[in-house]
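Asker: Quick one: the structure is below, questions incoming.
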Amino acid sequence: EAQVTQNPRYLITVTGKKLTVTCSQNMNHEYMSWYRQDPGLGLRQIYYSMNVEVTDKGDVPEGYKVSRKEKRNFPLILESPSPNQTSLYFCASSLMTGNTEAFFGQGTRLTVV
Amino acid sequence: DAKTTQPPSMDCAEGRAANLPCNHSTISGNEYVYWYRQIHSQGPQYIIHGLKNNETNEMASLIITEDRKSSTLILPHATLRDTAVYYCIVRAFTSGTYKYIFGTGTRLKVLA
């Protein structure tokens, strides 16, 4: 089954404690991205990657890092989480062509206290 | 970047057609219109997309105006399980990559 898998689904952490949210896709997609969703603001792109070792900032990259060492994995790293990063996070993947849909993971609800 | 405008909420009676409008007046000629929906806080689910022509699949129909400045998603026989937030999105090609530009969506409530 084609899918994007995120882990963990829920995470409560303390300010400043480094964490990683994993994302993996099994569709051999070149393009992967991370979004955060906050009430009233919709989904905003954090980072994206067009292929292995190619990453770039989205609209709200501050406080986040990513890596793309393998095509299937695109982890999101919060080196020093802060309460304003409390949010619902989604990973997505798609082919690079303009006429295909993106597949989204089930989300990671992060709370930073 | 092309942006979309949708009504914040709509109601629809179960079994009736749900027609969800979207304005995208600044869309460029090569930008696709996509529709996704999000049930509760799950990951957005793809519904349909189109460029110029009307499209239909097993879930919905997409009607795009001739000038491409607006579109309508049609769920032909809405069920309670179609209650969700529906996003109309323009997939823009910008800075050498594709990007989904999400709006705030329409919250559709299907009423029994």
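Residue numbering restarts at 1 in every chain; chains get A, B, ... in the order shown in the structure tokens, and ligands count up from 1 in that same order.
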Quick check for you: according to DSSP on this backbone, which residues of chain B are classed as strand (DSSP E or B)? Reply as number ranges by chain.
Answerer: B: 5, 9-13, 18-23, 32-38, 45-50, 55-56, 61-64, 70-75, 84-94, 97-101, 106-111
Asker: Pick out the residues sitting within 8 Å of Lys52 in chain B, and hand them over as number ranges by chain; count only C-alpha atoms, and ignore anything fewer than 5 positions along from it in its own chain.
Answerer: B: 64-66, 68
Asker: Counting only C-alpha atoms, which residues from chain B have an atom at most 10 Å from any atom of chain A, and could you show them as number ranges by chain?
Answerer: B: 30-36, 41-51, 87, 91-93, 96-105
Asker: Create the file for the chosen residues now, containing N, CA, C and O atoms and written as a compact mmCIF listing (two decimals), in the first residue's frame.
Answerer:
# COMPACT_ATOMS: atom_id res chain seq x y z
N ASN B 30 -0.09 27.51 -16.38
CA ASN B 30 0.40 26.15 -16.21
C ASN B 30 0.20 25.63 -14.79
O ASN B 30 0.78 24.61 -14.41
N GLU B 31 -0.59 26.31 -14.00
CA GLU B 31 -0.80 25.90 -12.61
C GLU B 31 -2.09 25.09 -12.49
O GLU B 31 -3.13 25.48 -12.99
N TYR B 32 -1.97 23.96 -11.81
CA TYR B 32 -3.09 23.08 -11.62
C TYR B 32 -3.89 23.48 -10.38
O TYR B 32 -3.34 23.98 -9.40
N VAL B 33 -5.17 23.17 -10.41
CA VAL B 33 -6.04 23.31 -9.25
C VAL B 33 -6.22 21.93 -8.63
O VAL B 33 -6.61 20.98 -9.32
N TYR B 34 -5.93 21.83 -7.37
CA TYR B 34 -6.08 20.57 -6.63
C TYR B 34 -7.10 20.77 -5.52
O TYR B 34 -7.24 21.85 -4.94
N TRP B 35 -7.78 19.68 -5.20
CA TRP B 35 -8.68 19.66 -4.04
C TRP B 35 -8.26 18.52 -3.13
O TRP B 35 -8.04 17.38 -3.58
N TYR B 36 -8.16 18.87 -1.86
CA TYR B 36 -7.89 17.89 -0.81
C TYR B 36 -8.94 18.08 0.27
O TYR B 36 -9.57 19.13 0.38
N SER B 41 -8.28 15.80 12.30
CA SER B 41 -6.89 16.25 12.18
C SER B 41 -6.03 15.23 11.48
O SER B 41 -4.82 15.18 11.68
N GLN B 42 -6.66 14.44 10.61
CA GLN B 42 -5.89 13.46 9.86
C GLN B 42 -5.12 14.15 8.75
O GLN B 42 -5.34 15.34 8.46
N GLY B 43 -4.25 13.43 8.08
CA GLY B 43 -3.52 13.98 6.96
C GLY B 43 -4.46 14.32 5.80
O GLY B 43 -5.42 13.60 5.56
N PRO B 44 -4.22 15.42 5.10
CA PRO B 44 -5.05 15.76 3.94
C PRO B 44 -5.10 14.61 2.94
O PRO B 44 -4.10 13.94 2.69
N GLN B 45 -6.28 14.42 2.38
CA GLN B 45 -6.53 13.33 1.44
C GLN B 45 -6.82 13.93 0.07
O GLN B 45 -7.67 14.81 -0.06
N TYR B 46 -6.14 13.43 -0.93
CA TYR B 46 -6.34 13.91 -2.30
C TYR B 46 -7.73 13.56 -2.79
O TYR B 46 -8.24 12.46 -2.55
N ILE B 47 -8.36 14.52 -3.50
CA ILE B 47 -9.67 14.25 -4.10
C ILE B 47 -9.58 14.26 -5.61
O ILE B 47 -9.90 13.27 -6.28
N ILE B 48 -9.13 15.37 -6.19
CA ILE B 48 -9.16 15.52 -7.64
C ILE B 48 -8.30 16.72 -8.02
O ILE B 48 -8.00 17.56 -7.17
N HIS B 49 -7.88 16.79 -9.26
CA HIS B 49 -7.18 17.97 -9.74
C HIS B 49 -7.46 18.18 -11.22
O HIS B 49 -7.91 17.25 -11.92
N GLY B 50 -7.19 19.41 -11.70
CA GLY B 50 -7.42 19.72 -13.11
C GLY B 50 -6.65 20.95 -13.52
O GLY B 50 -6.21 21.75 -12.69
N LEU B 51 -6.53 21.11 -14.82
CA LEU B 51 -5.82 22.27 -15.38
C LEU B 51 -6.81 23.21 -16.08
O LEU B 51 -6.93 24.37 -15.74
N TYR B 87 -9.94 21.74 1.01
CA TYR B 87 -8.97 22.72 0.58
C TYR B 87 -8.87 22.77 -0.94
O TYR B 87 -8.68 21.73 -1.59
N ARG B 91 -1.31 24.41 -7.31
CA ARG B 91 0.04 23.86 -7.28
C ARG B 91 0.90 24.70 -8.22
O ARG B 91 0.83 24.55 -9.44
N ALA B 92 1.69 25.58 -7.63
CA ALA B 92 2.47 26.53 -8.41
C ALA B 92 3.87 26.01 -8.61
O ALA B 92 4.43 25.31 -7.76
N PHE B 93 4.46 26.37 -9.75
CA PHE B 93 5.87 26.07 -9.99
C PHE B 93 6.63 27.36 -9.75
O PHE B 93 6.52 28.32 -10.51
N GLY B 96 11.91 27.01 -9.11
CA GLY B 96 12.42 25.72 -9.57
C GLY B 96 11.79 24.50 -8.95
O GLY B 96 12.29 23.38 -9.11
N THR B 97 10.70 24.69 -8.24
CA THR B 97 10.04 23.54 -7.63
C THR B 97 8.54 23.76 -7.55
O THR B 97 8.06 24.88 -7.70
N TYR B 98 7.85 22.65 -7.34
CA TYR B 98 6.40 22.75 -7.16
C TYR B 98 6.07 23.02 -5.71
O TYR B 98 6.73 22.55 -4.80
N LYS B 99 5.01 23.75 -5.51
CA LYS B 99 4.62 24.12 -4.16
C LYS B 99 3.10 24.17 -4.06
O LYS B 99 2.44 24.73 -4.93
N TYR B 100 2.58 23.54 -3.03
CA TYR B 100 1.14 23.66 -2.75
C TYR B 100 0.92 24.90 -1.90
O TYR B 100 1.56 25.08 -0.88
N ILE B 101 0.01 25.73 -2.34
CA ILE B 101 -0.32 26.93 -1.57
C ILE B 101 -1.70 26.71 -0.97
O ILE B 101 -2.72 26.79 -1.64
N PHE B 102 -1.70 26.40 0.33
CA PHE B 102 -2.94 26.10 1.02
C PHE B 102 -3.62 27.38 1.47
O PHE B 102 -2.99 28.30 1.95
N GLY B 103 -4.94 27.39 1.35
CA GLY B 103 -5.74 28.42 1.99
C GLY B 103 -6.27 27.87 3.31
O GLY B 103 -5.72 26.90 3.84
N THR B 104 -7.33 28.47 3.81
CA THR B 104 -7.88 28.02 5.09
C THR B 104 -9.04 27.06 4.90
O THR B 104 -9.55 26.53 5.87
N GLY B 105 -9.46 26.83 3.67
CA GLY B 105 -10.42 25.79 3.40
C GLY B 105 -11.87 26.11 3.73
O GLY B 105 -12.19 27.15 4.31
Asker: Can you work out the spacing between CA of Ala17 in chain B and CA of Arg81 in chain B in Å, to one decimal?
Answerer: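 CA of Arg81 in chain B lies 13.7 Å from CA of Ala17 in chain B.
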Asker: Find the residues near Asp67 in chain B: any atom within 10 Å, counting only C-alpha atoms, skip ones fewer than 5 places away on the same chain, and give them as an mmCIF file with C-alpha atoms, in the first residue's frame.
Answerer:
data_model
loop_
_atom_site.group_PDB
_atom_site.id
_atom_site.type_symbol
_atom_site.label_atom_id
_atom_site.label_comp_id
_atom_site.auth_asym_id
_atom_site.auth_seq_id
_atom_site.Cartn_x
_atom_site.Cartn_y
_atom_site.Cartn_z
ATOM 1 C CA SER B 25 -8.192 34.726 -9.941
ATOM 2 C CA ILE B 27 -3.728 31.512 -11.326
ATOM 3 C CA GLY B 29 -1.637 29.182 -17.253
ATOM 4 C CA LYS B 52 -8.455 23.514 -17.828
#
Asker: Within 7 Å of Thr4 in chain B, counting only C-alpha atoms, which residues qualify if same-chain residues fewer than 4 places away don't, as a list in words?
Answerer: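 Returned residues: Cys22, Asn23, His24, Cys88, Ile89 and Gly103 of chain B.
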Asker: Limited to C-alpha atoms, could you put the picked residues into a file as a JSON list (two decimals), in the first residue's frame?
Answerer:
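Output (out28.json):
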[["chain", "number", "residue", "atom", "x", "y", "z"],
["B", 22, "CYS", "CA", -13.16, 28.36, -5.00],
["B", 23, "ASN", "CA", -11.74, 31.55, -6.45],
["B", 24, "HIS", "CA", -8.20, 31.58, -7.84],
["B", 88, "CYS", "CA", -8.75, 24.22, -2.86],
["B", 89, "ILE", "CA", -5.07, 24.52, -3.73],
["B", 103, "GLY", "CA", -5.74, 28.42, 1.99]]
Asker: In Å, with one decimal, what is the gap from CA of Arg36 in chain A to CA of Leu19 in chain A?
Answerer: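 Interatomic distance, CA of Arg36 in chain A to CA of Leu19 in chain A: 15.6 Å.
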Asker: Rounded to one decimal, what separation in Å do you get between CA of Tyr47 in chain A and CA of Ser67 in chain A?
Answerer: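 Rounded to one decimal, the two atoms are 9.7 Å apart.
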Asker: His40 in chain B: which residues within 9 Å, counting only C-alpha atoms, same-chain residues fewer than 5 positions away excluded, as a PyMOL selection string?
Answerer: chain B and resi 83-85
Asker: Determine, counting only C-alpha atoms, which protein, DNA and RNA residues have an atom within 7 Å of an atom of Ile46 in chain A; residues of the same chain fewer than 6 positions away are not included. Present the result as a list of chain:residue names.
Answerer: A:Trp34, A:Tyr35, A:Arg36, A:Lys57, A:Gly58, A:Asp59, A:Val60, A:Pro61
